$ cat target.txt   # compact mmCIF, C-alpha atoms
# COMPACT_ATOMS: atom_id res chain seq x y z
CA MET A 1443 0.00 0.00 0.00
CA PHE A 1444 2.82 2.31 0.77
CA GLY A 1445 4.95 1.14 -2.11
CA ASP A 1446 6.93 3.91 -3.82
CA ASP A 1447 6.06 2.51 -7.21
CA LYS A 1448 2.54 3.92 -6.91
CA VAL A 1449 3.55 7.46 -5.90
CA PRO A 1450 4.46 9.74 -8.79
CA GLU A 1451 8.08 10.80 -8.87
CA ARG A 1452 7.14 14.49 -9.22
CA LEU A 1453 5.15 14.38 -6.02
CA LEU A 1454 7.96 12.70 -4.14
CA ALA A 1455 10.38 15.34 -5.37
CA ALA A 1456 8.05 18.14 -4.38
CA LEU A 1457 7.62 16.68 -0.90
CA ARG A 1458 11.36 16.39 -0.46
CA ASP A 1459 11.77 20.02 -1.55
CA ALA A 1460 9.07 21.21 0.82
CA ASP A 1461 10.83 19.61 3.73
CA LYS A 1462 14.10 21.32 2.95
CA GLY A 1463 13.32 24.82 4.16
CA ARG A 1464 10.76 26.95 5.99
CA ILE A 1465 8.17 28.93 4.09
CA LEU A 1466 8.08 32.51 5.30
CA VAL A 1467 4.60 33.94 5.82
CA PRO A 1468 4.50 37.74 5.64
CA PRO A 1469 3.45 39.42 8.95
CA GLU A 1470 0.58 41.22 7.13
CA VAL A 1471 -0.99 37.86 6.28
CA ASP A 1472 -0.66 36.76 9.90
CA ALA A 1473 -2.25 39.97 11.11
CA THR A 1474 -5.16 39.67 8.64
CA ILE A 1475 -5.83 36.05 9.64
CA LEU A 1476 -5.74 36.98 13.32
CA ALA A 1477 -8.14 39.89 12.82
CA ARG A 1478 -10.63 37.72 10.93
CA ALA A 1479 -10.37 35.00 13.55
CA LYS A 1480 -11.19 37.52 16.27
CA VAL A 1481 -14.27 38.68 14.36
CA ASN A 1482 -15.42 35.06 13.94
CA LEU A 1483 -14.90 34.29 17.63
CA ALA A 1484 -16.93 37.33 18.62
CA ARG A 1485 -19.80 36.12 16.39
CA GLY A 1486 -19.61 32.67 18.02
CA ARG A 1487 -20.00 34.19 21.50
CA LYS A 1488 -23.21 35.89 20.41
CA HIS A 1489 -24.63 32.51 19.26
CA ILE A 1490 -23.79 30.95 22.65
CA VAL A 1491 -25.75 33.66 24.49
CA ILE A 1492 -29.01 33.12 22.58
CA PRO A 1493 -29.93 29.69 24.11
CA TRP A 1494 -29.35 31.07 27.60
CA VAL A 1495 -31.65 34.00 26.90
CA ALA A 1496 -34.28 31.59 25.55
CA ALA A 1497 -33.99 29.37 28.64
CA ALA A 1498 -34.35 32.35 30.97
CA ALA A 1499 -37.42 33.54 29.06
CA ALA A 1500 -38.96 30.08 29.30
CA LEU A 1501 -38.35 30.05 33.07
CA VAL A 1502 -39.99 33.44 33.49
CA ILE A 1503 -43.03 32.31 31.47
CA ALA A 1504 -43.30 29.06 33.46
CA ALA A 1505 -43.12 30.95 36.76
CA PHE A 1506 -45.80 33.37 35.54
CA VAL A 1507 -48.13 30.53 34.58
CA MET A 1508 -47.51 28.66 37.85
CA PHE A 1509 -47.86 31.51 40.28
CA THR A 1510 -50.56 33.62 38.63
CA PRO A 1511 -53.87 32.71 40.26
CA THR A 1512 -56.30 31.19 37.76
CA PRO A 1513 -59.66 32.91 37.51
CA LYS A 1514 -62.18 30.93 39.54
CA ALA A 1515 -65.46 29.78 38.09
CA ARG A 1516 -68.53 31.74 39.16
CA GLU A 1517 -70.05 28.46 40.31
CA ASP A 1518 -67.22 27.95 42.81
CA VAL A 1519 -69.15 29.76 45.54
CA ASN A 1520 -66.87 28.78 48.43
CA ARG A 1521 -63.73 29.50 46.36
CA ASP A 1522 -62.06 26.19 47.17
CA GLY A 1523 -60.96 25.66 43.56
CA ARG A 1524 -63.61 23.16 42.52
CA VAL A 1525 -67.31 23.12 41.78
CA ASP A 1526 -69.22 20.60 43.87
CA ILE A 1527 -72.48 20.13 45.72
CA ARG A 1528 -71.29 22.30 48.61
CA ASP A 1529 -71.29 25.29 46.27
CA ALA A 1530 -74.90 24.55 45.34
CA LEU A 1531 -75.82 24.31 49.02
CA LEU A 1532 -74.12 27.60 49.83
CA LEU A 1533 -75.86 29.46 47.01
CA ALA A 1534 -79.21 27.94 47.99
CA ARG A 1535 -78.65 29.09 51.59
CA LYS A 1536 -77.81 32.62 50.40
CA ILE A 1537 -80.97 32.73 48.29
CA SER A 1538 -83.14 31.41 51.11
CA SER A 1539 -81.70 33.89 53.60
CA GLY A 1540 -83.03 36.74 51.48
CA GLU A 1541 -79.55 38.11 50.87
CA THR A 1542 -79.43 40.50 47.93
CA LEU A 1543 -77.51 38.73 45.23
CA GLY A 1544 -76.12 40.29 42.09
CA SER A 1545 -76.89 39.18 38.59
CA ILE A 1546 -73.57 37.32 38.61
CA TRP A 1547 -75.45 34.48 40.35
CA ASP A 1548 -78.06 34.28 37.61
CA LEU A 1549 -76.40 31.18 36.28
CA ASN A 1550 -79.25 30.01 34.07
CA HIS A 1551 -79.71 33.52 32.61
CA ASP A 1552 -83.44 33.67 33.26
CA GLY A 1553 -83.22 37.20 34.68
CA ARG A 1554 -83.55 36.28 38.36
CA VAL A 1555 -81.52 34.57 41.07
CA ASP A 1556 -83.41 31.65 42.59
CA HIS A 1557 -83.02 28.00 43.53
CA ASN A 1558 -82.80 27.01 39.88
CA ASP A 1559 -79.40 28.70 39.83
CA ALA A 1560 -78.27 26.46 42.70
CA ALA A 1561 -79.53 23.51 40.67
CA VAL A 1562 -77.31 24.65 37.79
CA ILE A 1563 -74.28 24.29 40.07
CA ALA A 1564 -75.43 20.85 41.25
CA ALA A 1565 -75.89 19.74 37.64
CA GLN A 1566 -72.41 20.92 36.82
CA ALA A 1567 -70.98 19.05 39.81
CA VAL A 1568 -72.34 15.70 38.61
CA LYS A 1569 -71.38 16.04 34.96
CA LEU A 1570 -69.58 12.93 33.74
CA THR A 1571 -67.46 14.73 31.17
CA LYS A 1572 -65.20 15.82 34.00
CA GLY A 1573 -63.88 12.27 34.29
CA GLY A 1574 -64.35 11.68 37.97
CA ALA A 1575 -64.10 14.13 40.77
CA SER A 1576 -65.53 17.52 39.93
CA MET B 493 -70.72 -63.07 14.07
CA SER B 494 -73.32 -61.80 11.66
CA THR B 495 -73.02 -58.49 9.82
CA LEU B 496 -75.87 -57.06 11.86
CA ASN B 497 -74.15 -57.80 15.15
CA LEU B 498 -70.95 -56.25 13.89
CA PHE B 499 -72.81 -53.12 12.86
CA SER B 500 -74.59 -52.93 16.24
CA ALA B 501 -71.32 -53.27 18.14
CA SER B 502 -69.69 -50.55 16.06
CA LEU B 503 -72.62 -48.25 16.66
CA ARG B 504 -72.45 -48.83 20.43
CA LEU B 505 -68.74 -48.10 20.35
CA CYS B 506 -69.30 -44.86 18.47
CA VAL B 507 -72.02 -43.74 20.85
CA SER B 508 -69.91 -44.44 23.92
CA ALA B 509 -67.01 -42.54 22.38
CA LEU B 510 -69.19 -39.55 21.52
CA LYS B 511 -70.81 -39.31 24.96
CA PRO B 512 -67.97 -37.34 26.65
CA CYS B 513 -67.88 -34.98 23.68
CA CYS B 514 -71.61 -34.35 24.03
CA TYR B 515 -71.25 -33.65 27.75
CA LEU B 516 -68.40 -31.22 27.09
CA MET B 517 -70.45 -29.48 24.45
CA LEU B 518 -73.38 -29.15 26.83
CA LEU B 519 -71.10 -27.72 29.52
CA PHE B 520 -69.69 -25.21 27.06
CA LEU B 521 -73.18 -24.15 25.97
CA ALA B 522 -74.29 -23.75 29.59
CA ALA B 523 -71.26 -21.56 30.33
CA GLN B 524 -71.99 -19.44 27.27
CA LEU B 525 -75.64 -19.02 28.25
CA SER B 526 -74.65 -18.12 31.79
CA ALA B 527 -72.20 -15.50 30.52
CA GLN B 528 -74.91 -13.96 28.35
CA GLN B 529 -77.50 -13.99 31.11
CA LEU B 530 -78.83 -10.60 32.12
CA HIS B 531 -79.32 -9.76 35.80
CA PHE B 532 -81.00 -6.76 37.33
CA ALA B 533 -80.06 -5.50 40.77
CA ALA B 534 -80.75 -2.59 43.09
CA PHE B 535 -77.98 -1.07 45.19
CA ASP B 536 -78.76 1.06 48.23
CA ILE B 537 -76.28 3.86 48.84
CA PHE B 538 -75.67 4.91 52.43
CA VAL B 539 -73.84 7.87 53.92
CA ASP B 540 -72.87 7.77 57.57
CA SER B 541 -72.28 11.26 58.97
CA LYS B 542 -72.18 9.96 62.58
CA ASN B 543 -73.68 12.59 64.87
CA VAL B 544 -73.43 15.50 62.41
CA PRO B 545 -76.57 16.41 60.45
CA LEU B 546 -75.99 15.64 56.77
CA ALA B 547 -76.96 18.54 54.49
CA ALA B 548 -75.15 17.59 51.27
CA TYR B 549 -73.24 14.75 49.72
CA GLN B 550 -71.56 13.96 46.42
CA LEU B 551 -70.29 10.52 45.50
CA GLU B 552 -69.38 8.37 42.54
CA PHE B 553 -70.56 4.81 41.89
CA SER B 554 -69.02 2.70 39.15
CA GLY B 555 -68.65 -0.82 37.84
CA PRO B 556 -66.79 -2.56 35.00
CA ALA B 557 -67.71 -0.92 31.70
CA ASP B 558 -68.25 -4.09 29.70
CA HIS B 559 -70.69 -5.73 32.14
CA VAL B 560 -72.75 -3.01 33.80
CA ARG B 561 -75.46 -0.58 32.69
CA ILE B 562 -77.20 1.81 35.08
CA THR B 563 -80.94 1.78 34.45
CA GLY B 564 -82.41 4.05 37.10
CA ILE B 565 -81.80 6.16 40.19
CA GLU B 566 -84.09 6.68 43.17
CA GLY B 567 -84.03 8.99 46.13
CA GLY B 568 -83.26 7.95 49.68
CA GLN B 569 -85.12 7.05 52.83
CA HIS B 570 -84.94 10.22 54.91
CA GLU B 571 -87.31 13.05 54.09
CA ALA B 572 -84.37 15.38 53.39
CA PHE B 573 -83.06 13.14 50.60
CA LYS B 574 -86.26 11.52 49.37
CA THR B 575 -86.23 13.16 45.95
CA PRO B 576 -83.83 11.60 43.44
CA PRO B 577 -80.36 13.12 43.63
CA PHE B 578 -78.73 15.16 40.89
CA TYR B 579 -77.00 13.03 38.27
CA ASP B 580 -75.94 13.39 34.69
CA PRO B 581 -78.66 11.86 32.46
CA LYS B 582 -75.82 10.53 30.32
CA ALA B 583 -75.04 8.12 33.17
CA ILE B 584 -78.11 6.04 32.33
CA GLN B 585 -76.95 3.10 30.22
CA GLN B 586 -73.40 3.70 31.37
CA GLU B 587 -71.39 2.06 34.14
CA ARG B 588 -70.53 5.19 36.12
CA VAL B 589 -72.58 7.89 37.81
CA ILE B 590 -71.94 10.85 40.10
CA LEU B 591 -74.75 11.41 42.57
CA ALA B 592 -75.19 14.59 44.58
CA ALA B 593 -77.93 16.13 46.67
CA PHE B 594 -78.34 18.92 49.18
CA ASN B 595 -80.97 20.08 51.57
CA GLU B 596 -80.90 23.50 53.18
CA ALA B 597 -83.32 22.61 55.94
CA PRO B 598 -82.28 23.39 59.54
CA ALA B 599 -79.96 20.87 61.19
CA THR B 600 -82.80 19.41 63.26
CA LYS B 601 -84.54 18.25 60.09
CA LEU B 602 -81.48 16.59 58.59
CA PRO B 603 -80.45 12.94 59.03
CA THR B 604 -77.63 11.85 61.31
CA GLY B 605 -75.89 8.49 61.46
CA LYS B 606 -76.13 6.00 58.63
CA THR B 607 -78.84 6.95 56.20
CA ARG B 608 -79.87 5.66 52.79
CA VAL B 609 -79.47 8.58 50.43
CA ALA B 610 -80.17 6.90 47.11
CA THR B 611 -80.80 3.63 45.29
CA ILE B 612 -79.23 2.72 41.98
CA HIS B 613 -80.87 0.20 39.67
CA LEU B 614 -78.65 -1.52 37.16
CA GLN B 615 -78.27 -4.49 34.91
CA PHE B 616 -75.22 -6.66 34.52
CA THR B 617 -74.20 -9.68 32.52
CA GLY B 618 -72.13 -12.69 33.45
CA PRO B 619 -72.33 -15.56 35.91
CA GLN B 620 -70.91 -13.54 38.82
CA ARG B 621 -71.71 -10.15 40.25
CA PRO B 622 -69.06 -7.67 39.05
CA ASP B 623 -67.08 -5.57 41.51
CA PHE B 624 -68.52 -2.14 42.11
CA SER B 625 -66.83 0.83 43.70
CA LEU B 626 -68.12 3.81 45.60
CA LYS B 627 -66.09 6.96 46.15
CA LEU B 628 -67.26 9.81 48.31
CA HIS B 629 -66.33 13.20 46.83
CA THR B 630 -67.62 15.45 49.58
CA ALA B 631 -70.22 15.86 52.28
CA ALA B 632 -71.33 18.92 54.18
CA ASP B 633 -73.21 19.98 57.28
CA SER B 634 -76.01 22.53 57.31
CA GLU B 635 -73.48 25.38 57.26
CA GLY B 636 -71.91 24.04 54.10
CA LYS B 637 -68.76 22.98 55.89
CA SER B 638 -67.03 19.79 54.83
CA ILE B 639 -67.61 16.88 57.22
CA SER B 640 -66.04 13.48 57.67
CA THR B 641 -68.41 10.76 56.47
CA LYS B 642 -68.36 7.22 55.20
CA ALA B 643 -70.20 6.01 52.11
CA THR B 644 -71.22 2.36 51.65
CA PHE B 645 -73.55 0.35 49.48
CA THR B 646 -75.45 -2.90 49.72
CA GLN B 647 -77.17 -4.99 47.10
CA ARG B 648 -80.87 -5.07 47.81
CA GLY B 649 -82.15 -7.50 45.22
CA LEU B 650 -81.16 -9.57 42.25
CA TYR B 651 -83.67 -10.18 39.50
CA GLU B 652 -83.02 -12.54 36.59
$ encode --input "target.txt" --output "structure tokens"
Amino acid sequence: MFGDDKVPERLLAALRDADKGRILVPPEVDATILARAKVNLARGRKHIVIPWVAAAAALVIAAFVMFTPTPKAREDVNRDGRVDIRDALLLARKISSGETLGSIWDLNHDGRVDHNDAAVIAAQAVKLTKGGAS
Amino acid sequence: MSTLNLFSASLRLCVSALKPCCYLMLLFLAAQLSAQQLHFAAFDIFVDSKNVPLAAYQLEFSGPADHVRITGIEGGQHEAFKTPPFYDPKAIQQERVILAAFNEAPATKLPTGKTRVATIHLQFTGPQRPDFSLKLHTAADSEGKSISTKATFTQRGLYE
């Protein structure tokens, strides 16, 4: 594989000549190469910064989503984070007590707040589409 | 031995050999019929609130999807829960239902201790009664506060 018979004589001669002496590179060429290398390195640093900025932004967004309180459903009367039969009971008690209730509690949109609105909450609590606990 | 006797003996041999096969076939058919058999049952649902008056409850009853179909829901025994509870009409002909009811009557008119709050009627197939589960979501006293209770169920009847 390394037999000399396969390597052209001209190439061998050129290689021998190249090994004989040093090739002098002018200092201007050196300086130009160095300057361009510096520019390239500076560009590379900018590319390294971008993923870190993206990661920080993702963290900020995740924290915002996690710690911002989600708007509670109107039907969640006791504000415990879920709609269940206790909310229906509480609204029914408010209605029966004669407490003045705003139109926000008109859950069936019939223009008045009555026990049918409590029934709306109860119906929501037993809906099967929720896949288990309400 | 005459030809007739030989034929008779062969026939007897064949019949005696086929007998076990026939029995096995009958057993298989009986098992198939039993698996297809439809049963109807009623399950009473109880909530035990001990000495606290029960004003509201919410629970979930379910069985295996491929064997059970809910056919009807009744109210309970105590006056406060006599009317049928709230449930999703979609639960009829399904294997799972969420039941809930409330009564805003004063504490003196509410049940304490173990009380039947509802009855579920259902149909199921198969030779054995499937396993059912009951999960209490919440229960409340007359003030609407959450209380510690226990939910149980018993099978009242089985109708073929």
$ closest_atom_pairs --input "target.txt" --of "chain A" --to "chain B" --cutoff "8 Å" --atoms "all atoms listed in the file" --output "JSON lines"
{"residue": "A:Asp1526", "atom": "CA", "partner": "B:Gln550", "partner_atom": "CA", "distance": 7.5}
{"residue": "A:Ile1527", "atom": "CA", "partner": "B:Ala592", "partner_atom": "CA", "distance": 6.3}
{"residue": "A:Arg1528", "atom": "CA", "partner": "B:Gly636", "partner_atom": "CA", "distance": 5.8}
{"residue": "A:Asp1529", "atom": "CA", "partner": "B:Gly636", "partner_atom": "CA", "distance": 8.0}
{"residue": "A:Ala1530", "atom": "CA", "partner": "B:Phe594", "partner_atom": "CA", "distance": 7.6}
{"residue": "A:Leu1531", "atom": "CA", "partner": "B:Phe594", "partner_atom": "CA", "distance": 6.0}
{"residue": "A:Leu1532", "atom": "CA", "partner": "B:Gly636", "partner_atom": "CA", "distance": 6.0}
{"residue": "A:Ala1534", "atom": "CA", "partner": "B:Glu596", "partner_atom": "CA", "distance": 7.0}
{"residue": "A:Arg1535", "atom": "CA", "partner": "B:Glu596", "partner_atom": "CA", "distance": 6.2}
{"residue": "A:Ala1564", "atom": "CA", "partner": "B:Phe578", "partner_atom": "CA", "distance": 6.6}
{"residue": "A:Ala1565", "atom": "CA", "partner": "B:Phe578", "partner_atom": "CA", "distance": 6.3}
{"residue": "A:Ala1567", "atom": "CA", "partner": "B:Ala592", "partner_atom": "CA", "distance": 7.8}
{"residue": "A:Val1568", "atom": "CA", "partner": "B:Ile590", "partner_atom": "CA", "distance": 5.1}
{"residue": "A:Lys1569", "atom": "CA", "partner": "B:Asp580", "partner_atom": "CA", "distance": 5.3}
{"residue": "A:Leu1570", "atom": "CA", "partner": "B:Asp580", "partner_atom": "CA", "distance": 6.4}
{"residue": "A:Gly1574", "atom": "CA", "partner": "B:Glu552", "partner_atom": "CA", "distance": 7.6}
{"residue": "A:Ala1575", "atom": "CA", "partner": "B:His629", "partner_atom": "CA", "distance": 6.5}
$ write_last_selection --input "target.txt" --atoms "C-alpha atoms" --output "PDB file, keeping the file's coordinate frame"
ATOM      1  CA  ASP A1526     -69.220  20.600  43.870  1.00  0.00           C
ATOM      2  CA  ILE A1527     -72.480  20.130  45.720  1.00  0.00           C
ATOM      3  CA  ARG A1528     -71.290  22.300  48.610  1.00  0.00           C
ATOM      4  CA  ASP A1529     -71.290  25.290  46.270  1.00  0.00           C
ATOM      5  CA  ALA A1530     -74.900  24.550  45.340  1.00  0.00           C
ATOM      6  CA  LEU A1531     -75.820  24.310  49.020  1.00  0.00           C
ATOM      7  CA  LEU A1532     -74.120  27.600  49.830  1.00  0.00           C
ATOM      8  CA  ALA A1534     -79.210  27.940  47.990  1.00  0.00           C
ATOM      9  CA  ARG A1535     -78.650  29.090  51.590  1.00  0.00           C
ATOM     10  CA  ALA A1564     -75.430  20.850  41.250  1.00  0.00           C
ATOM     11  CA  ALA A1565     -75.890  19.740  37.640  1.00  0.00           C
ATOM     12  CA  ALA A1567     -70.980  19.050  39.810  1.00  0.00           C
ATOM     13  CA  VAL A1568     -72.340  15.700  38.610  1.00  0.00           C
ATOM     14  CA  LYS A1569     -71.380  16.040  34.960  1.00  0.00           C
ATOM     15  CA  LEU A1570     -69.580  12.930  33.740  1.00  0.00           C
ATOM     16  CA  GLY A1574     -64.350  11.680  37.970  1.00  0.00           C
ATOM     17  CA  ALA A1575     -64.100  14.130  40.770  1.00  0.00           C
TER      18      ALA A1575
END
$ atom_distance --input "target.txt" --atom1 "CA of Pro1493 (chain A)" --atom2 "CA of Ala1479 (chain A)"
22.9 Å
$ atom_distance --input "target.txt" --atom1 "CA of Leu614 (chain B)" --atom2 "CA of Thr563 (chain B)"
4.8 Å
$ atom_distance --input "target.txt" --atom1 "CA of Asn1550 (chain A)" --atom2 "CA of Gln1566 (chain A)"
11.7 Å
$ residues_around --input "target.txt" --residues "Asp558 (chain B)" --least-positions-apart "2" --cutoff "10 Å" --atoms "all atoms listed in the file" --output "CSV table (one decimal) with C-alpha atoms, in the frame of the given file"
chain,number,residue,atom,x,y,z
B,555,GLY,CA,-68.6,-0.8,37.8
B,556,PRO,CA,-66.8,-2.6,35.0
B,560,VAL,CA,-72.8,-3.0,33.8
B,561,ARG,CA,-75.5,-0.6,32.7
B,586,GLN,CA,-73.4,3.7,31.4
B,587,GLU,CA,-71.4,2.1,34.1
B,616,PHE,CA,-75.2,-6.7,34.5
B,617,THR,CA,-74.2,-9.7,32.5
$ residues_near_point --input "target.txt" --point "(-78.3, -3.7, 42.7)" --cutoff "8 Å" --atoms "all atoms listed in the file" --output "MDAnalysis selection string"
chainID B and resid 532:536 612:615 646:650
$ decode --input "target.txt" --residues "region 578-588 of chain B" --atoms "all heavy atoms" --output "mmCIF file, in the first residue's frame"
data_model
loop_
_atom_site.group_PDB
_atom_site.id
_atom_site.type_symbol
_atom_site.label_atom_id
_atom_site.label_comp_id
_atom_site.auth_asym_id
_atom_site.auth_seq_id
_atom_site.Cartn_x
_atom_site.Cartn_y
_atom_site.Cartn_z
ATOM 1 N N PHE B 578 -79.204 14.650 42.179
ATOM 2 C CA PHE B 578 -78.734 15.159 40.886
ATOM 3 C C PHE B 578 -77.804 14.107 40.283
ATOM 4 O O PHE B 578 -76.977 13.516 40.990
ATOM 5 C CB PHE B 578 -77.954 16.464 41.067
ATOM 6 C CG PHE B 578 -78.826 17.637 41.431
ATOM 7 C CD1 PHE B 578 -79.007 17.997 42.757
ATOM 8 C CD2 PHE B 578 -79.457 18.380 40.448
ATOM 9 C CE1 PHE B 578 -79.809 19.076 43.101
ATOM 10 C CE2 PHE B 578 -80.257 19.460 40.786
ATOM 11 C CZ PHE B 578 -80.432 19.816 42.119
ATOM 12 N N TYR B 579 -77.936 13.894 39.003
ATOM 13 C CA TYR B 579 -77.000 13.030 38.275
ATOM 14 C C TYR B 579 -77.034 13.423 36.807
ATOM 15 O O TYR B 579 -78.002 14.023 36.336
ATOM 16 C CB TYR B 579 -77.328 11.536 38.459
ATOM 17 C CG TYR B 579 -78.665 11.108 37.922
ATOM 18 C CD1 TYR B 579 -78.802 10.626 36.620
ATOM 19 C CD2 TYR B 579 -79.806 11.182 38.708
ATOM 20 C CE1 TYR B 579 -80.027 10.234 36.123
ATOM 21 C CE2 TYR B 579 -81.042 10.802 38.215
ATOM 22 C CZ TYR B 579 -81.148 10.329 36.920
ATOM 23 O OH TYR B 579 -82.376 9.954 36.421
ATOM 24 N N ASP B 580 -76.011 13.088 36.115
ATOM 25 C CA ASP B 580 -75.938 13.386 34.687
ATOM 26 C C ASP B 580 -76.815 12.370 33.946
ATOM 27 O O ASP B 580 -76.577 11.158 34.072
ATOM 28 C CB ASP B 580 -74.469 13.271 34.223
ATOM 29 C CG ASP B 580 -74.268 13.829 32.825
ATOM 30 O OD1 ASP B 580 -75.247 13.894 32.066
ATOM 31 O OD2 ASP B 580 -73.126 14.198 32.501
ATOM 32 N N PRO B 581 -77.809 12.825 33.191
ATOM 33 C CA PRO B 581 -78.656 11.858 32.464
ATOM 34 C C PRO B 581 -77.855 10.936 31.551
ATOM 35 O O PRO B 581 -78.292 9.832 31.241
ATOM 36 C CB PRO B 581 -79.586 12.753 31.636
ATOM 37 C CG PRO B 581 -79.565 14.076 32.314
ATOM 38 C CD PRO B 581 -78.227 14.215 32.957
ATOM 39 N N LYS B 582 -76.681 11.382 31.164
ATOM 40 C CA LYS B 582 -75.825 10.527 30.315
ATOM 41 C C LYS B 582 -75.395 9.257 31.043
ATOM 42 O O LYS B 582 -74.954 8.298 30.423
ATOM 43 C CB LYS B 582 -74.560 11.291 29.922
ATOM 44 C CG LYS B 582 -74.751 12.268 28.806
ATOM 45 C CD LYS B 582 -73.395 12.837 28.430
ATOM 46 C CE LYS B 582 -73.488 14.267 27.987
ATOM 47 N NZ LYS B 582 -72.209 14.947 28.087
ATOM 48 N N ALA B 583 -75.485 9.272 32.376
ATOM 49 C CA ALA B 583 -75.035 8.116 33.168
ATOM 50 C C ALA B 583 -75.933 6.901 32.965
ATOM 51 O O ALA B 583 -75.490 5.763 33.142
ATOM 52 C CB ALA B 583 -75.000 8.480 34.647
ATOM 53 N N ILE B 584 -77.197 7.155 32.590
ATOM 54 C CA ILE B 584 -78.107 6.036 32.333
ATOM 55 C C ILE B 584 -77.577 5.301 31.092
ATOM 56 O O ILE B 584 -77.251 5.910 30.082
ATOM 57 C CB ILE B 584 -79.555 6.545 32.118
ATOM 58 C CG1 ILE B 584 -80.033 7.303 33.362
ATOM 59 C CG2 ILE B 584 -80.500 5.403 31.772
ATOM 60 C CD1 ILE B 584 -80.139 6.500 34.637
ATOM 61 N N GLN B 585 -77.518 3.993 31.238
ATOM 62 C CA GLN B 585 -76.949 3.102 30.215
ATOM 63 C C GLN B 585 -75.417 3.163 30.185
ATOM 64 O O GLN B 585 -74.805 2.684 29.246
ATOM 65 C CB GLN B 585 -77.520 3.372 28.819
ATOM 66 C CG GLN B 585 -78.989 2.977 28.675
ATOM 67 C CD GLN B 585 -79.252 1.509 28.943
ATOM 68 O OE1 GLN B 585 -78.547 0.648 28.465
ATOM 69 N NE2 GLN B 585 -80.254 1.219 29.764
ATOM 70 N N GLN B 586 -74.857 3.775 31.221
ATOM 71 C CA GLN B 586 -73.396 3.701 31.371
ATOM 72 C C GLN B 586 -73.076 2.986 32.679
ATOM 73 O O GLN B 586 -73.977 2.625 33.436
ATOM 74 C CB GLN B 586 -72.793 5.109 31.394
ATOM 75 C CG GLN B 586 -72.730 5.733 30.015
ATOM 76 C CD GLN B 586 -71.834 6.947 29.978
ATOM 77 O OE1 GLN B 586 -70.832 7.007 30.672
ATOM 78 N NE2 GLN B 586 -72.211 7.925 29.179
ATOM 79 N N GLU B 587 -71.790 2.827 32.963
ATOM 80 C CA GLU B 587 -71.385 2.059 34.142
ATOM 81 C C GLU B 587 -70.963 2.953 35.301
ATOM 82 O O GLU B 587 -70.573 2.458 36.339
ATOM 83 C CB GLU B 587 -70.241 1.096 33.763
ATOM 84 C CG GLU B 587 -68.856 1.721 33.626
ATOM 85 C CD GLU B 587 -68.704 2.670 32.448
ATOM 86 O OE1 GLU B 587 -69.631 2.749 31.622
ATOM 87 O OE2 GLU B 587 -67.660 3.338 32.377
ATOM 88 N N ARG B 588 -71.041 4.267 35.103
ATOM 89 C CA ARG B 588 -70.530 5.189 36.123
ATOM 90 C C ARG B 588 -71.501 6.344 36.299
ATOM 91 O O ARG B 588 -72.056 6.848 35.319
ATOM 92 C CB ARG B 588 -69.164 5.734 35.665
ATOM 93 C CG ARG B 588 -68.443 6.566 36.663
ATOM 94 C CD ARG B 588 -67.028 6.803 36.167
ATOM 95 N NE ARG B 588 -66.979 7.803 35.121
ATOM 96 C CZ ARG B 588 -66.769 9.099 35.342
ATOM 97 N NH1 ARG B 588 -66.598 9.532 36.570
ATOM 98 N NH2 ARG B 588 -66.722 9.946 34.338
#
